[in-house]
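File shown: my_file34.cif (mmCIF, C-alpha atoms).
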data_model
loop_
_atom_site.label_atom_id
_atom_site.label_comp_id
_atom_site.auth_asym_id
_atom_site.auth_seq_id
_atom_site.Cartn_x
_atom_site.Cartn_y
_atom_site.Cartn_z
CA MET L 262 -21.00 -111.58 -5.97
CA GLY L 263 -22.45 -110.05 -2.81
CA ARG L 264 -25.39 -108.66 -4.79
CA ALA L 265 -26.03 -112.06 -6.34
CA TYR L 266 -26.00 -113.60 -2.85
CA VAL L 267 -28.55 -111.11 -1.51
CA ARG L 268 -30.66 -111.24 -4.68
CA GLY L 269 -30.73 -115.04 -4.51
CA PHE L 270 -32.10 -114.83 -0.98
CA ALA L 271 -34.87 -112.45 -2.07
CA LEU L 272 -35.74 -114.71 -5.02
CA ALA L 273 -35.94 -117.76 -2.76
CA LEU L 274 -38.28 -115.88 -0.41
CA ARG L 275 -40.56 -114.99 -3.32
CA ARG L 276 -40.50 -118.56 -4.62
CA TRP L 277 -41.51 -120.23 -1.34
CA PRO L 278 -44.08 -122.55 -3.00
CA LEU L 279 -41.21 -124.21 -4.92
CA VAL L 280 -39.23 -124.50 -1.69
CA LEU L 281 -42.23 -126.18 -0.11
CA LEU L 282 -42.62 -128.53 -3.08
CA LEU L 283 -38.96 -129.55 -2.91
CA PHE L 284 -39.33 -130.15 0.81
CA LEU L 285 -42.51 -132.20 0.40
CA ALA L 286 -40.80 -134.42 -2.18
CA SER L 287 -37.90 -134.88 0.24
CA LEU L 288 -40.31 -135.65 3.08
CA LEU L 289 -42.08 -138.23 0.91
CA ALA L 290 -38.72 -139.86 0.13
CA GLY L 291 -37.83 -139.95 3.82
CA LEU L 292 -41.21 -141.35 4.87
CA SER L 293 -41.08 -144.01 2.16
CA PHE L 294 -37.68 -145.23 3.27
CA THR L 295 -38.64 -144.97 6.94
CA ALA L 296 -41.68 -147.19 6.25
CA ALA L 297 -39.52 -149.76 4.43
CA ALA L 298 -36.91 -149.71 7.21
CA TRP L 299 -39.63 -149.95 9.87
CA ALA L 300 -41.17 -153.02 8.21
CA TRP L 301 -37.78 -154.70 7.95
CA LEU L 302 -36.73 -153.88 11.52
CA ALA L 303 -40.07 -155.05 12.93
CA VAL L 304 -39.63 -158.45 11.24
CA ALA L 305 -35.88 -158.77 11.89
CA LEU L 306 -36.00 -157.75 15.54
CA GLY L 307 -39.19 -159.72 16.23
CA SER L 308 -40.13 -159.40 19.88
CA SER L 309 -36.57 -159.09 21.16
CA LEU L 310 -35.75 -156.55 23.83
CA ALA L 311 -33.83 -154.53 21.20
CA THR L 312 -37.15 -153.13 19.94
CA ARG L 313 -37.21 -151.18 23.18
CA THR L 314 -33.53 -150.74 24.11
CA LEU L 315 -32.65 -149.18 20.72
CA LEU L 316 -34.42 -146.06 21.95
CA THR L 317 -31.76 -145.50 24.60
CA ASP L 318 -28.82 -147.52 23.33
CA LEU L 319 -27.75 -147.87 19.67
CA ASN L 320 -25.76 -151.04 20.35
CA VAL L 321 -23.36 -151.85 17.50
CA GLN L 322 -23.70 -155.58 18.21
CA ILE L 323 -27.38 -155.40 17.24
CA PHE L 324 -26.47 -153.95 13.84
CA ILE L 325 -23.85 -156.63 13.30
CA ASP L 326 -26.34 -159.37 14.18
CA LEU L 327 -29.01 -157.80 11.98
CA CYS L 328 -26.63 -157.80 9.02
CA ILE L 329 -25.37 -161.34 9.67
CA HIS L 330 -28.59 -163.14 10.60
CA HIS L 331 -30.97 -161.22 8.34
CA ARG L 332 -28.66 -160.77 5.38
CA GLU L 333 -31.17 -161.79 2.71
CA SER L 334 -33.92 -159.47 3.94
CA PHE L 335 -31.33 -156.71 4.47
CA LYS L 336 -30.40 -157.03 0.78
CA MET L 337 -34.09 -156.63 -0.02
CA LEU L 338 -34.16 -153.42 2.05
CA LEU L 339 -31.10 -152.15 0.17
CA LEU L 340 -32.78 -153.02 -3.13
CA ALA L 341 -35.96 -151.21 -2.09
CA GLY L 342 -33.82 -148.23 -1.00
CA SER L 343 -32.02 -148.19 -4.37
CA MET L 344 -35.33 -148.28 -6.25
CA LEU L 345 -36.71 -145.47 -4.09
CA ALA L 346 -33.51 -143.48 -4.62
CA ALA L 347 -33.77 -143.89 -8.41
CA ALA L 348 -37.42 -142.77 -8.36
CA PHE L 349 -36.75 -139.75 -6.15
CA VAL L 350 -33.66 -138.71 -8.11
CA ALA L 351 -35.83 -138.74 -11.26
CA LEU L 352 -38.42 -136.63 -9.42
CA GLY L 353 -35.70 -134.39 -7.99
CA VAL L 354 -34.26 -133.62 -11.45
CA TRP L 355 -37.70 -132.36 -12.51
CA LEU L 356 -38.34 -130.31 -9.36
CA ASN L 357 -34.87 -128.76 -9.54
CA ALA L 358 -35.57 -127.83 -13.16
CA ALA L 359 -38.80 -126.18 -12.00
CA ALA L 360 -36.89 -124.33 -9.26
CA ILE L 361 -34.34 -123.03 -11.77
CA ALA L 362 -37.18 -121.91 -14.05
CA SER L 363 -38.83 -120.17 -11.09
CA VAL L 364 -35.82 -117.98 -10.26
CA GLY L 365 -35.22 -117.10 -13.91
CA GLU L 366 -38.70 -116.01 -14.97
CA GLU L 367 -41.67 -114.46 -13.23
CA ILE L 368 -44.18 -117.20 -13.98
CA SER L 369 -46.63 -119.12 -11.85
CA THR L 370 -45.63 -122.24 -9.95
CA ALA L 371 -47.69 -124.43 -12.31
CA ASN L 372 -45.85 -122.93 -15.29
CA CYS L 373 -42.53 -123.52 -13.54
CA LEU L 374 -43.42 -127.18 -13.22
CA LEU L 375 -44.39 -127.32 -16.90
CA ARG L 376 -41.17 -125.56 -17.88
CA GLY L 377 -39.28 -128.06 -15.73
CA LEU L 378 -40.95 -130.90 -17.56
CA ARG L 379 -39.85 -129.46 -20.92
CA LEU L 380 -36.29 -129.09 -19.66
CA TYR L 381 -36.28 -132.60 -18.21
CA PRO L 382 -34.40 -134.53 -20.97
CA THR L 383 -31.60 -131.94 -21.07
CA TYR L 384 -31.36 -131.82 -17.29
CA LEU L 385 -31.24 -135.58 -17.06
CA GLY L 386 -28.35 -135.51 -19.54
CA LEU L 387 -26.63 -132.84 -17.43
CA TRP L 388 -27.14 -134.93 -14.30
CA VAL L 389 -25.50 -137.92 -15.99
CA LEU L 390 -22.63 -135.71 -17.23
CA GLY L 391 -22.09 -134.14 -13.81
CA ASN L 392 -22.14 -137.48 -11.98
CA GLY L 393 -19.98 -139.09 -14.66
CA CYS L 394 -17.33 -136.38 -14.21
CA MET L 395 -17.51 -136.80 -10.44
CA LEU L 396 -17.17 -140.58 -10.71
CA VAL L 397 -14.18 -140.38 -13.07
CA SER L 398 -12.54 -137.78 -10.79
CA ALA L 399 -13.14 -139.97 -7.74
CA VAL L 400 -11.58 -143.01 -9.43
CA VAL L 401 -8.55 -140.99 -10.64
CA LEU L 402 -8.12 -139.49 -7.17
CA PHE L 403 -8.40 -142.87 -5.47
CA LEU L 404 -5.84 -144.46 -7.81
CA SER L 405 -3.48 -141.48 -7.37
CA CYS L 406 -3.70 -141.72 -3.58
CA ARG L 407 -3.11 -145.47 -3.74
CA CYS L 408 -0.03 -145.03 -5.95
CA LEU L 409 1.25 -142.32 -3.63
CA ALA L 410 0.69 -144.54 -0.58
CA ARG L 411 2.64 -147.38 -2.19
CA TRP L 412 5.39 -145.03 -3.25
CA THR L 413 5.77 -143.68 0.27
CA ALA L 414 5.38 -147.10 1.95
CA GLU L 415 9.11 -147.29 2.66
CA SER L 416 9.25 -143.68 3.80
CA ALA L 417 10.48 -142.95 7.30
CA ALA L 418 7.69 -140.39 7.77
CA GLU L 419 5.07 -142.11 9.92
CA MET L 420 2.37 -139.58 9.10
CA ALA L 421 2.69 -140.00 5.33
CA PRO L 422 -0.45 -142.20 4.89
CA ASP L 423 -2.51 -139.79 7.04
CA TRP L 424 -1.37 -136.82 4.97
CA ILE L 425 -2.23 -138.68 1.76
CA VAL L 426 -5.75 -139.52 3.01
CA ALA L 427 -6.32 -135.96 4.26
CA GLY L 428 -4.98 -134.45 1.04
CA GLY L 429 -7.11 -136.83 -1.04
CA ALA L 430 -10.25 -135.92 0.94
CA LEU L 431 -9.53 -132.20 0.54
CA VAL L 432 -8.93 -132.47 -3.21
CA GLY L 433 -12.06 -134.65 -3.51
CA ALA L 434 -14.17 -132.02 -1.72
CA LEU L 435 -12.79 -129.26 -3.97
CA VAL L 436 -13.49 -131.34 -7.10
CA TRP L 437 -17.03 -131.97 -5.84
CA VAL L 438 -17.63 -128.22 -5.28
CA PHE L 439 -16.25 -127.47 -8.74
CA PHE L 440 -18.44 -129.99 -10.58
CA ALA L 441 -21.53 -129.16 -8.51
CA THR L 442 -21.06 -125.50 -9.49
CA VAL L 443 -20.49 -126.43 -13.14
CA HIS L 444 -23.65 -128.56 -13.07
CA ASP L 445 -25.71 -125.69 -11.63
CA HIS L 446 -24.43 -123.15 -14.14
CA ALA L 447 -24.94 -125.60 -17.00
CA ARG L 448 -28.58 -126.05 -15.95
CA ILE L 449 -29.12 -122.31 -15.77
CA ARG L 450 -27.38 -121.77 -19.12
CA SER L 451 -29.43 -124.52 -20.73
CA ARG L 452 -32.66 -122.90 -19.55
CA THR L 453 -31.56 -119.41 -20.61
CA VAL L 454 -30.38 -120.10 -24.16
CA GLY L 455 -31.96 -123.51 -24.77
CA ALA L 456 -28.59 -125.23 -25.22
CA GLY L 457 -28.23 -129.01 -25.21
CA ALA L 458 -26.64 -130.88 -22.31
CA VAL L 459 -23.11 -131.23 -23.76
CA ARG L 460 -22.94 -127.63 -25.04
CA ALA L 461 -24.26 -126.20 -21.78
CA PHE L 462 -21.87 -128.33 -19.73
CA GLY L 463 -18.90 -127.29 -21.85
CA TRP L 464 -19.89 -123.63 -21.53
CA ALA L 465 -20.31 -123.96 -17.76
CA LEU L 466 -16.90 -125.64 -17.42
CA ALA L 467 -15.25 -122.65 -19.07
CA TYR L 468 -17.44 -120.18 -17.16
CA VAL L 469 -16.76 -121.60 -13.71
CA ALA L 470 -13.04 -122.08 -14.40
CA ARG L 471 -12.74 -118.39 -15.41
CA ARG L 472 -11.66 -116.36 -12.39
CA GLN L 473 -13.56 -113.23 -13.45
CA SER L 474 -16.91 -115.03 -13.36
CA ARG L 475 -16.63 -115.34 -9.54
CA ALA L 476 -18.77 -118.49 -9.69
CA LEU L 477 -16.54 -120.43 -7.30
CA PRO L 478 -16.33 -117.71 -4.62
CA LEU L 479 -20.14 -117.46 -4.71
CA ALA L 480 -20.39 -121.25 -4.38
CA ALA L 481 -17.98 -121.10 -1.43
CA LEU L 482 -20.10 -118.38 0.21
CA LEU L 483 -23.28 -120.43 -0.22
CA LEU L 484 -21.48 -123.54 0.98
CA GLY L 485 -20.43 -121.59 4.05
CA THR L 486 -24.09 -120.71 4.65
CA SER L 487 -24.97 -124.39 4.31
CA ALA L 488 -22.22 -125.33 6.77
CA ALA L 489 -23.56 -122.71 9.21
CA LEU L 490 -26.98 -124.36 8.94
CA TRP L 491 -25.44 -127.74 9.76
CA ALA L 492 -23.54 -126.29 12.69
CA THR L 493 -26.72 -124.68 14.06
CA TYR L 494 -28.63 -127.94 13.69
CA HIS L 495 -25.97 -129.95 15.51
CA SER L 496 -25.58 -127.33 18.23
CA LEU L 497 -29.34 -127.36 18.91
CA ASN L 498 -29.51 -131.16 18.76
CA ARG L 499 -26.88 -131.44 21.47
CA TYR L 500 -29.50 -130.21 23.94
CA LEU L 501 -32.07 -132.82 22.88
CA ALA L 502 -32.06 -136.01 24.91
CA THR L 503 -32.70 -138.64 22.23
CA ASN L 504 -33.19 -141.41 24.80
CA SER L 505 -36.81 -140.48 25.37
CA ALA L 506 -39.84 -140.60 23.06
CA LEU L 507 -40.21 -136.80 23.21
CA GLY L 508 -36.52 -136.28 22.55
CA VAL L 509 -36.62 -138.57 19.50
CA ALA L 510 -39.72 -136.78 18.16
CA LEU L 511 -38.07 -133.37 18.62
CA SER L 512 -34.87 -134.64 17.04
CA LEU L 513 -36.76 -135.89 13.96
CA LEU L 514 -38.67 -132.60 13.73
CA SER L 515 -35.46 -130.57 13.95
CA GLY L 516 -34.03 -132.76 11.18
CA GLU L 517 -37.01 -131.91 8.96
CA ALA L 518 -36.62 -128.22 9.81
CA LEU L 519 -33.00 -128.46 8.68
CA LEU L 520 -34.07 -130.06 5.40
CA LEU L 521 -36.67 -127.33 4.84
CA ALA L 522 -33.94 -124.74 5.38
CA ARG L 523 -31.67 -126.60 2.99
CA MET L 524 -34.39 -126.63 0.32
CA PHE L 525 -34.70 -122.88 0.79
CA LEU L 526 -30.94 -122.65 0.44
CA ARG L 527 -31.08 -124.62 -2.79
CA VAL L 528 -33.53 -122.17 -4.39
CA TRP L 529 -31.41 -119.33 -2.96
CA TRP L 530 -28.37 -120.95 -4.57
CA PHE L 531 -30.11 -121.17 -7.97
CA GLY L 532 -31.30 -117.56 -7.66
CA ALA L 533 -27.82 -116.27 -6.81
CA GLU L 534 -26.19 -118.21 -9.65
CA THR L 535 -28.84 -117.05 -12.12
CA HIS L 536 -28.22 -113.44 -11.03
CA LEU L 537 -24.47 -113.94 -11.42
CA GLN L 538 -24.88 -115.24 -14.98
CA ARG L 539 -27.27 -112.40 -15.85
CA GLY L 540 -24.87 -109.87 -14.31
CA ARG L 541 -22.11 -111.12 -16.58
CA GLU L 542 -24.35 -110.52 -19.59
CA GLY L 543 -25.55 -107.15 -18.25
CA GLY L 544 -29.19 -108.22 -18.14
CA ALA L 545 -31.89 -107.90 -15.52
CA SER L 546 -32.33 -110.51 -12.85
CA TRP L 547 -35.88 -111.28 -13.86
CA VAL L 548 -37.02 -111.86 -17.41
CA PRO L 549 -40.70 -111.27 -18.19
CA ALA L 550 -42.39 -114.51 -19.20
CA ALA L 551 -43.25 -113.20 -22.69
CA THR L 552 -39.61 -112.48 -23.59
CA ALA L 553 -38.09 -115.50 -21.87
CA PRO L 554 -36.21 -117.77 -24.27
CA ARG L 555 -38.21 -120.83 -25.18
CA THR L 556 -36.64 -124.18 -24.65
CA ALA L 557 -37.25 -127.19 -26.81
CA MET Z 53 -51.92 -165.98 36.62
CA ARG Z 54 -49.44 -168.57 35.35
CA ALA Z 55 -46.42 -167.61 33.27
CA CYS Z 56 -44.05 -169.99 31.55
CA ILE Z 57 -40.63 -169.16 30.09
CA VAL Z 58 -38.68 -171.68 28.04
CA VAL Z 59 -34.96 -171.11 27.43
CA GLU Z 60 -33.45 -173.16 24.62
CA ARG Z 61 -29.85 -173.95 23.73
CA LEU Z 62 -29.50 -173.68 19.94
CA GLY Z 63 -25.90 -174.85 19.52
CA SER Z 64 -23.84 -177.69 20.92
CA VAL Z 65 -21.65 -175.59 23.23
CA ILE Z 66 -22.72 -175.98 26.86
CA VAL Z 67 -22.43 -172.69 28.72
CA PRO Z 68 -24.22 -171.77 31.97
CA VAL Z 69 -26.41 -168.71 31.59
CA ASP Z 70 -28.28 -166.31 33.84
CA VAL Z 71 -31.84 -165.32 32.97
CA ARG Z 72 -33.47 -162.13 34.22
CA ILE Z 73 -37.26 -162.04 34.16
CA THR Z 74 -39.05 -158.72 34.54
CA PHE Z 75 -42.73 -158.48 35.51
CA ASP Z 76 -45.26 -155.79 34.67
CA ASP Z 77 -45.08 -154.32 38.19
CA GLY Z 78 -41.37 -153.64 37.68
CA SER Z 79 -40.13 -156.46 39.87
CA THR Z 80 -37.44 -158.80 38.57
CA THR Z 81 -36.18 -162.24 39.34
CA ASP Z 82 -32.88 -163.85 38.34
CA GLU Z 83 -32.56 -167.50 37.41
CA HIS Z 84 -29.55 -169.64 36.66
CA TRP Z 85 -29.39 -172.47 34.12
CA ASP Z 86 -26.40 -174.76 33.73
CA GLY Z 87 -27.20 -175.25 30.02
CA ARG Z 88 -26.67 -179.03 30.08
CA ASN Z 89 -30.05 -179.94 28.64
CA HIS Z 90 -31.42 -178.60 25.36
CA TRP Z 91 -33.99 -176.47 27.12
CA LYS Z 92 -35.20 -175.36 30.51
CA ARG Z 93 -38.64 -174.20 31.64
CA PHE Z 94 -39.26 -171.60 34.36
CA GLU Z 95 -42.77 -171.22 35.71
CA TYR Z 96 -44.28 -168.44 37.81
CA THR Z 97 -47.66 -168.06 39.40
CA GLY Z 98 -48.90 -164.73 40.76
CA ALA Z 99 -50.88 -161.56 40.10
CA GLN Z 100 -48.28 -159.95 37.86
CA ARG Z 101 -47.53 -160.79 34.22
CA VAL Z 102 -44.10 -161.34 32.70
CA GLU Z 103 -43.00 -158.34 30.59
CA TRP Z 104 -39.76 -159.71 29.23
CA ALA Z 105 -37.00 -162.23 29.79
CA VAL Z 106 -33.37 -161.67 28.86
CA LEU Z 107 -30.26 -163.85 28.99
CA ASN Z 108 -26.95 -162.42 30.10
CA ALA Z 109 -24.85 -161.55 27.03
CA LEU Z 110 -22.08 -164.06 26.39
CA PRO Z 111 -18.93 -162.82 24.63
CA LEU Z 112 -18.91 -165.86 22.31
CA ASP Z 113 -22.59 -165.61 21.41
CA VAL Z 114 -23.18 -165.72 17.63
CA ASN Z 115 -26.58 -164.00 17.77
CA TRP Z 116 -27.47 -161.43 20.41
CA LEU Z 117 -30.90 -160.80 18.95
CA ASN Z 118 -32.39 -164.08 20.23
CA ASN Z 119 -31.22 -163.56 23.81
CA SER Z 120 -34.41 -161.82 24.85
CA ARG Z 121 -38.15 -162.01 24.35
CA MET Z 122 -40.85 -159.49 25.19
CA ARG Z 123 -44.52 -160.22 25.78
CA ALA Z 124 -45.41 -157.38 23.41
CA PRO Z 125 -42.64 -156.02 21.14
CA GLY Z 126 -41.75 -152.35 21.61
CA THR Z 127 -41.92 -149.79 18.82
CA ARG Z 128 -39.98 -146.79 20.15
CA GLY Z 129 -36.58 -148.24 19.35
CA ILE Z 130 -37.71 -149.10 15.82
CA VAL Z 131 -39.20 -145.62 15.35
CA ARG Z 132 -35.93 -144.02 16.42
CA LEU Z 133 -33.80 -146.15 14.12
CA ALA Z 134 -36.13 -146.11 11.09
CA GLY Z 135 -36.66 -142.35 11.49
CA ARG Z 136 -32.93 -141.75 11.64
CA TRP Z 137 -32.37 -143.86 8.51
CA GLY Z 138 -35.17 -141.98 6.75
CA PHE Z 139 -33.48 -138.67 7.63
CA TRP Z 140 -30.16 -139.85 6.20
CA PHE Z 141 -31.95 -141.10 3.11
CA GLN Z 142 -33.40 -137.60 2.64
CA ASN Z 143 -29.90 -136.13 2.93
CA LEU Z 144 -28.61 -138.63 0.38
CA MET Z 145 -31.39 -137.58 -2.01
CA TYR Z 146 -30.50 -133.92 -1.41
CA PHE Z 147 -26.88 -134.66 -2.26
CA LEU Z 148 -27.73 -136.77 -5.32
CA THR Z 149 -30.17 -134.29 -6.82
CA GLY Z 150 -27.77 -131.40 -6.11
CA LEU Z 151 -25.14 -132.82 -8.39
#

Can I see the file as structure tokens?
Amino acid sequence: MGRAYVRGFALALRRWPLVLLLFLASLLAGLSFTAAAWAWLAVALGSSLATRTLLTDLNVQIFIDLCIHHRESFKMLLLAGSMLAAAFVALGVWLNAAAIASVGEEISTANCLLRGLRLYPTYLGLWVLGNGCMLVSAVVLFLSCRCLARWTAESAAEMAPDWIVAGGALVGALVWVFFATVHDHARIRSRTVGAGAVRAFGWALAYVARRQSRALPLAALLLGTSAALWATYHSLNRYLATNSALGVALSLLSGEALLLARMFLRVWWFGAETHLQRGREGGASWVPAATAPRTA
Amino acid sequence: MRACIVVERLGSVIVPVDVRITFDDGSTTDEHWDGRNHWKRFEYTGAQRVEWAVLNALPLDVNWLNNSRMRAPGTRGIVRLAGRWGFWFQNLMYFLTGL
């Protein structure tokens, strides 16, 4: 597991153009939504003093009034956001496929993108499967917590509802980590052997659930790295005064730096998981392009 | 230079309000309006221009956004908010494409 972690880091370093591509797509998504939000805010706020005071004071009353008095245009912003999200998720599925191809085979970035395009239908199916499982789990968890809350409504324990919410959140987080790991391993498996979405997902479910595979401890280690990144970002941001133009600019820049680091972490994640799967099969971490399994 | 500020009562509830007018040299002046009529005009003559006018916030006010008016709308507040929303949108995309 430790070797996979270190190897993943080295692979991510070598595949920096893919990291950059993932980041640029993310930046484009952010700029697109920022532009839409800017246009809406400029119209909704008009020439009120809030256009200036929001820099120093994020007054909740302004948000309430924006939602109440500009409800129709706010719905339009949400619609535009949903459309942008759909477009960038579709783009993200492709770029993630290219990133997985990049850590599995020593091919050029252009070939990674082409390989990602070929894998696209399967990966889209895997994305739907992964999200479907998450959605069903979330609904089951919510209903279970609700039943439990009703059952303990007459209980003398005053903290019972808090414990139920905390327990539900913890189980939800664990379920999310499990399915995210399954989704990743299914994508890697699909690229390696050319399996379809359902077969790859079923294989990954069994693989991740098996204790010997050490897929979950590796995911936990990478998640810990991600949490450390978040902690660093928030610690540094505490020193930025966001009530000045310079402070806001630095805050936005540090946010983009965090996202760049997270994109690096994503490729690192794929590299480590690919190495883990290869290790299980006793193969090398890199497969020469000529011998790499072809996918439909 | 002549500046004119018109304060209008949009509803039927009569409430006295205070108006603060800020000029481009940083000076301010406070006015009081009993709110009995539908509107009230304040006029100023001098070298400085009016930057903004703002009413004191009333707890029962249904819309706080129309309590102020600037000569030229600011952009920094919008940049901060829109940029922050864009950042969270990026994080949402990261989360959605991860799973």

(message) Distance cut-off 10 Å, counting only C-alpha atoms - which residues of chain Z neighbour chain L? Return them as a PyMOL selection string.
(response) chain Z and resi 104-106+114-151

Care to translate the PyMOL selection byres ((chain Z and resi 86-98) around 10) into actual residues of this file, as a short mmCIF file (atom, residue, chain, number, x, y, z; two decimals) with C-alpha atoms, in the coordinates of the input?
data_model
loop_
_atom_site.label_atom_id
_atom_site.label_comp_id
_atom_site.auth_asym_id
_atom_site.auth_seq_id
_atom_site.Cartn_x
_atom_site.Cartn_y
_atom_site.Cartn_z
CA MET Z 53 -51.92 -165.98 36.62
CA ARG Z 54 -49.44 -168.57 35.35
CA ALA Z 55 -46.42 -167.61 33.27
CA CYS Z 56 -44.05 -169.99 31.55
CA ILE Z 57 -40.63 -169.16 30.09
CA VAL Z 58 -38.68 -171.68 28.04
CA VAL Z 59 -34.96 -171.11 27.43
CA GLU Z 60 -33.45 -173.16 24.62
CA ARG Z 61 -29.85 -173.95 23.73
CA LEU Z 62 -29.50 -173.68 19.94
CA GLY Z 63 -25.90 -174.85 19.52
CA SER Z 64 -23.84 -177.69 20.92
CA VAL Z 65 -21.65 -175.59 23.23
CA ILE Z 66 -22.72 -175.98 26.86
CA VAL Z 67 -22.43 -172.69 28.72
CA PRO Z 68 -24.22 -171.77 31.97
CA VAL Z 69 -26.41 -168.71 31.59
CA ASP Z 70 -28.28 -166.31 33.84
CA VAL Z 71 -31.84 -165.32 32.97
CA ILE Z 73 -37.26 -162.04 34.16
CA GLU Z 83 -32.56 -167.50 37.41
CA HIS Z 84 -29.55 -169.64 36.66
CA TRP Z 85 -29.39 -172.47 34.12
CA ALA Z 99 -50.88 -161.56 40.10
CA GLN Z 100 -48.28 -159.95 37.86
CA ARG Z 101 -47.53 -160.79 34.22
CA VAL Z 102 -44.10 -161.34 32.70
#

(request) Work out how far atom CA of Leu521 of chain L is from atom CA of Arg448 of chain L, in Å to one decimal. (result) 22.3 Å

(request) Using the chain letters and numbering of this document, enumerate as a list in words the residues selected by the PyMOL selection byres ((chain L and resi 280) around 8). (result) Ala273, Arg276, Trp277, Pro278, Leu279, Leu281, Leu282, Leu283, Phe284, Ala360, Leu521, Met524, Phe525 and Val528 of chain L

How about saving the chosen residues, C-alpha atoms kept, as a PDB file, in the coordinates of the input?
ATOM      1  CA  ALA L 273     -35.940-117.760  -2.760  1.00  0.00           C
ATOM      2  CA  ARG L 276     -40.500-118.560  -4.620  1.00  0.00           C
ATOM      3  CA  TRP L 277     -41.510-120.230  -1.340  1.00  0.00           C
ATOM      4  CA  PRO L 278     -44.080-122.550  -3.000  1.00  0.00           C
ATOM      5  CA  LEU L 279     -41.210-124.210  -4.920  1.00  0.00           C
ATOM      6  CA  LEU L 281     -42.230-126.180  -0.110  1.00  0.00           C
ATOM      7  CA  LEU L 282     -42.620-128.530  -3.080  1.00  0.00           C
ATOM      8  CA  LEU L 283     -38.960-129.550  -2.910  1.00  0.00           C
ATOM      9  CA  PHE L 284     -39.330-130.150   0.810  1.00  0.00           C
ATOM     10  CA  ALA L 360     -36.890-124.330  -9.260  1.00  0.00           C
ATOM     11  CA  LEU L 521     -36.670-127.330   4.840  1.00  0.00           C
ATOM     12  CA  MET L 524     -34.390-126.630   0.320  1.00  0.00           C
ATOM     13  CA  PHE L 525     -34.700-122.880   0.790  1.00  0.00           C
ATOM     14  CA  VAL L 528     -33.530-122.170  -4.390  1.00  0.00           C
TER      15      VAL L 528
END

(request) Tell me, as a PyMOL selection string, which residues lie within 8 Å of Leu537 of chain L, counting all atoms listed in the file; anything in the same chain fewer than 6 positions away does not count. (result) chain L and resi 262+265+474+476
